[in-house]
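First the structure, in the form of structure tokens, and then the observations on it.
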Amino acid sequence: MASYTYTATPDQGAKAGVLAYLVVSAVVLLLMMLFGLLMRMEQAQFISIGGLWFYKLMTLHGAGMVGIVALAGASIMWHFLRQYVELTTSIFIANLVIFLIGVVMILASVLLGDFHAAWTFLFPLPGNSMGMWSQGAAALFMGGLLVIGVGFVLLHLDIARAIIKNYGGLGRGLGWPQLFGPDDGNAPPPAVVASTMVTIVNLIGLVVGASILIMMLVNLYVPTFEIDALLAKGMIYFFGHVFINAVIYMAVIAVYEILPRYTQRPWKSNKVFLASWTASTIMVMFIFPHHLLMDYAFPKWFLIMGHIIGYLNTFPILIVTGYGAMMIVYRSGIRWDMCSRLLFVSLFGWAVGAMPAFIDGTITVNYVMHNTLWVPGHFHTYLILGMVAMVFGFMYYLGKPDENAKDSPIDIAAFWGFVVGTMGFTMSFLYGGKEGAARRYAEHLPEWIPYDRLGSYFAALLIASVLVFIFRFLTRLGLAGRDYQRASLARSIAT
Amino acid sequence: MKRTSSPYAVRMGFGLGISYLFLATPMVRDWMEASMSRHMLVQMPLLVVIGIVACRLLPAHWQNSVLARVGGSIPCVVVALFASSYWMLPRALDAALNDPLAEMAKFLSLPLLVGFPLVLAWRRLTLIGRGFVWTNFISMLAVLGWLYIVAPVRVCNSYLVNDQETAGWYMVIASVLLFLWWLGTLLVGGGVGPDKPDRNGTGTKLA
């Protein structure tokens, strides 16, 4: 029978590569947030940048955010996973370099080539610009995505190699012997289980994404090679949804690894935990049709599958993680600092952010709500207050001067600014959606503008708070690489 | 290694030679090459498999010596990738049907330039290298199959459009099955390679 006790492990500082990932992530995240604010201000009629720039910024904001949160998530995953398996630093760095090459291609495509067909690059829009952008600009955008995908494939292959070398197979990385046999207490730690899941789903998603990108590139130059538009949309959303889902599963490793250090209670890889991750490994690949429910031409079974699995996949990992975090924290006497606050609130953001998707995944609701601001309301909550909060929590953890260091009032104010700003900003989306405000419109009806204005104020508050987080991280970069005890011990243990 | 012991290798080599000659007989060639699907998805892979088996029949020190002479595993993979890519081109298929020299080149190059070097390289490739070969091959197969399905023209003069479409579908299906199989080996087995501590990198498995 397995017994679980907490075994203290030393706090390791971040490798230079992890810090490089985090610095790039912080800078690009801030830039993308500013682009988002400009879009919201355009809708609110505070500024007038025009339709072309709105859609160019929307394309950059979408593609940039998906890419940069993936990069930030990968840095968290790599930092903790390398404490259990032997990862290859050169491949980790190669991924960053390849990513930056892809980013330059995308920036050139949008800023110089005027490409603005959104990150979804839905077929046949990239090849039918009606003179708004050139063939070369569309090819550069899709080529940039392809290049970024190649980097991530390499990274995941290295992770797969390392997990297989250490545990003997990806099934063992998911803890299958303990899940389907007796739990001997030797299941892989949560960081390994999560990394295995992410590696499996991302490898599949990236291969599908690369296939549709190559086909669209062929079609761009030889249009007589026609692509089934419905199939192309299905493949794009499969790739996109798997990839963006995976980022939170990478970032949640920070919660699994750091919170136990504060409370000195172990995060158990028990049967329930392992079952939830295995279930989600499968379900996360079938959940994407909830974005396609309005495409009536898809087979009915496909849409019903999306509806049912959308319901089912909302819960396993979320409940196991949320419940697990509460059990770790409950009556532990945890000392709240910026890191533990951000990590704990991230679970709230994840839970709250998943709910609008759960509702929107209902076919009858989807018909009315899917093309409204309700959907951006969902993923902004889930990503900012969930995933991005985990990233900032990780940054504060790395930069914490010592275990007893106190947070400055500015940081605490920034934390509340972040929470209130995000809630207000995302509620403006959700409420606008409820009122019928269409998504992806540069110009809004007068009835929608009050929500846009409110959203802009809250977005500005959010960005101001993020500026404090980033500034603090950058000023503590020197500390982030050193090995020392960071987590403040819970009162019950410290006294 | 039992496999490289003389009687076993001789018996296997003999069987292999018979299989190779059998594939080269006019009757079998005509039947295989009458359909694009059989040509691309049966005859050509069989020729590659013959190269793979032939290489594995050689004693390990011979394999190591050849590998060292050709410059290691990366040149071998590159040669295999280029040679296999060439035989995926429609005009290469046409040439093999119309020109005896091209047909001979196919019968020689697929075992010698694809199967043989892949086995040589495989022993030294880590899971990253093998993963690269697999993901590259599978995605090429899928995309090529897709292109065959949607091609607005006959890409091969020797085959009809419906044959081309059928071959395309088989390629897409094969790529999906191969991908699932490869992932399956990673899930339950883990593949073997130089990094695998308990098998000492014998490279005896292909995944």
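Residues are named by chain letter and number: chains run A, B, ... in the order of the structure tokens, numbers start at 1 in each chain, and ligands are numbered from 1 in the order shown.
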Pull out every residue of chain B that has at least one atom within 9 Å of chain A, counting only C-alpha atoms, and report them as a PyMOL selection string. chain B and resi 126-129+131-132+135+138-140+142-143+146-147+150-153+179+183-191+195-197
Please identify the alpha helix (DSSP H) residues within chain B (assignment by DSSP from backbone atoms) and present them as a PyMOL selection string. chain B and resi 6-24+26-33+36-38+44-57+60-70+73-86+90-98+100-109+116-122+127-150+161-184
Env of A:Leu479: 9 Å cut, atoms = only C-alpha atoms, seq-sep filter 6 positions within chain, self excluded. Answer as a tab-separated table (two decimals) with N, CA and C atoms, in the first residue's frame.
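The result, written out as out19.tsv:
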chain	number	residue	atom	x	y	z
A	13	GLY	N	17.57	26.93	-8.37
A	13	GLY	CA	17.43	28.13	-9.18
A	13	GLY	C	17.25	27.75	-10.64
A	398	LEU	N	10.95	32.35	-8.20
A	398	LEU	CA	12.37	32.34	-8.55
A	398	LEU	C	13.10	33.56	-8.00
A	399	GLY	N	12.40	34.68	-7.97
A	399	GLY	CA	13.07	35.93	-7.59
A	399	GLY	C	12.97	36.26	-6.11
A	400	LYS	N	12.31	35.40	-5.33
A	400	LYS	CA	12.14	35.72	-3.91
A	400	LYS	C	13.49	35.78	-3.21
A	401	PRO	N	13.81	36.91	-2.53
A	401	PRO	CA	15.17	37.06	-1.98
A	401	PRO	C	15.53	36.02	-0.94
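Closest to A:Leu474 among A:Thr422, A:Phe392, A:Gly436, A:Tyr296 is A:Phe392, based on only C-alpha atoms.
When the distance limit is 9 Å and only C-alpha atoms are what count, the residues near A:Ala118, minus those fewer than 5 positions from it on the same chain, are Tyr55, Lys56, Leu57, Met58, Thr59, Leu60, His61, Gly62 and Ala63 of chain A.
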Residue subset to file, keeping N, CA and C atoms, as a short mmCIF file (atom, residue, chain, number, x, y, z; two decimals), in the first residue's frame:
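The result, written out as result_36.cif:
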data_model
loop_
_atom_site.label_atom_id
_atom_site.label_comp_id
_atom_site.auth_asym_id
_atom_site.auth_seq_id
_atom_site.Cartn_x
_atom_site.Cartn_y
_atom_site.Cartn_z
N TYR A 55 -7.34 44.72 -37.29
CA TYR A 55 -7.22 43.29 -37.62
C TYR A 55 -5.76 42.84 -37.66
N LYS A 56 -4.86 43.77 -37.98
CA LYS A 56 -3.44 43.40 -37.90
C LYS A 56 -3.06 43.13 -36.44
N LEU A 57 -3.53 44.02 -35.54
CA LEU A 57 -3.22 43.81 -34.13
C LEU A 57 -3.90 42.55 -33.60
N MET A 58 -5.13 42.29 -34.09
CA MET A 58 -5.85 41.10 -33.64
C MET A 58 -5.09 39.82 -34.06
N THR A 59 -4.55 39.86 -35.27
CA THR A 59 -3.78 38.70 -35.76
C THR A 59 -2.53 38.50 -34.91
N LEU A 60 -1.82 39.61 -34.66
CA LEU A 60 -0.59 39.51 -33.85
C LEU A 60 -0.91 39.11 -32.42
N HIS A 61 -1.97 39.72 -31.87
CA HIS A 61 -2.35 39.43 -30.48
C HIS A 61 -2.70 37.95 -30.32
N GLY A 62 -3.47 37.42 -31.25
CA GLY A 62 -3.90 36.02 -31.16
C GLY A 62 -2.73 35.07 -31.31
N ALA A 63 -1.99 35.22 -32.41
CA ALA A 63 -0.87 34.30 -32.66
C ALA A 63 0.21 34.48 -31.58
#
Can you pull out the residues contacting A:Ala487? Cut-off 10 Å, using only C-alpha atoms, and skip same-chain residues under 4 positions away; I want them as a list in words.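 Counting only C-alpha atoms, the residues come to Asp11, Ile258, Leu259, Pro260, Arg261, Tyr262, Thr263, Gln264, Ile334, Arg335, Trp336, Asp337, Cys339, Ser340, Tyr397, Leu398, Lys400, Asp402, Glu403, Asn404 and Ala405 of chain A.
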